[in-house]
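This report concerns only the one structure given below.
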Amino acid sequence: MKFFIDTANLEQIKEGAALGILDGVTTNPSLMAKEGIKGAEAIKQHYIDICNIVDGDISAEVLSTTFEEMIVEGKELASLHKNIVVKVPCTADGIKAIKWFADNGIRTNCTLIFTVGQALLAAKAGASYVSPFVGRLDDISSDGIGLVSQIVDVFYTYGYETEVLAASIRSTQHIIDCLEVGAHVATCPLQPILGLLKHPLTDSGMATFIADTAKMQ
Ligand code: E4P
């Protein structure tokens, strides 16, 4: 399973990249706004900065909502760097735009996926990735991981090449759940990724080894 980091914070991206296990980055307008990125030039520069830290797919989301505007914006985003994947919402205009991008060699990530039907439309339009939002479904007492599992199964059955990118990951356990249901990618904030390292027996084992190392010197 590939690992993307889900943030626009350059320090966190650098920290994740330093572990050597990052395959890409996802951002969204909320994550970009949180970093205080404002204005067209600053947005473009921020994506270039991210591309210079991580050598993998970098999702850059369109801010427009109509087909025509998404095409203009998506072409501009894709021209920033070869690793940019244009992130497009799962709306009627978005699906039309994904089809246009696919026909014109631009890779896309269809975001805000909450049903298998939405994932199907995105895959048929030629999306490179679909992003089911696990945490936001769990927030409303739905089964986020169940949706990821369902989409993985349907894409496998019908041979769709679109990758299932589990998004809105909130915990380390979510990452393990994504592994178990066969998600191609999980995009996670830094803390759940670091949580994978943690085990009390690792900590106590290390403490013992360090103490015994001292005895040998
Ligand atoms: C990434 O592609 C999504 O935009 C992100 O994971 C959403 O996460 P949230 O539901 O925690 O805001």
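All residue names refer to the structure tokens as shown: chains lettered A, B, ... in order, residues numbered from 1 in each chain, ligands numbered from 1 in order.
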
- request: Extract, using only C-alpha atoms, all DNA, RNA and protein residues at most 9 Å from stretch 57-62 of chain A, discarding same-chain residues fewer than 2 positions from it, and format them as a ChimeraX atom specification.
  value: /A:4,23-29,47,50-51,54-55,64-65,69-70,73-74,77-78,82-89,108-109,111

Taking only residues of chain A that have an atom at most 7 Å from an atom of ligand 1, what is each one's shortest atom pair and its distance in Å to one decimal, using only C-alpha atoms and all ligand atoms, in chain and number order, as a tab-separated table?
```
residue	atom	partner	partner_atom_place_in_ligand_line	distance
A:Asp6	CA	ligand 1	6 (O)	5.9
A:Thr26	CA	ligand 1	2 (O)	5.2
A:Thr27	CA	ligand 1	1 (C)	5.9
A:Asn28	CA	ligand 1	4 (O)	4.9
A:Thr111	CA	ligand 1	2 (O)	6.5
A:Ser131	CA	ligand 1	2 (O)	6.3
A:Phe133	CA	ligand 1	10 (O)	6.2
A:Gly135	CA	ligand 1	10 (O)	5.7
A:Arg136	CA	ligand 1	10 (O)	5.2
A:Ala167	CA	ligand 1	6 (O)	4.0
A:Ser168	CA	ligand 1	6 (O)	3.4
A:Ile169	CA	ligand 1	6 (O)	6.0
A:Arg170	CA	ligand 1	11 (O)	6.4
A:Thr187	CA	ligand 1	6 (O)	6.3
A:Cys188	CA	ligand 1	6 (O)	6.8
```

- request: Find the spatial neighbours of A:Ala127, counting only C-alpha atoms, within a cut-off of 12 Å - ignore same-chain residues fewer than 6 positions away - and output them as number ranges by chain.
  value: A: 85-90, 94-103, 105-111, 118-121, 160-165

query: Taking the backbone alone, and naming residues the way the document does, which bits of chain A are helix (DSSP H, G or I) by DSSP, as a count of residues only?
result: 116
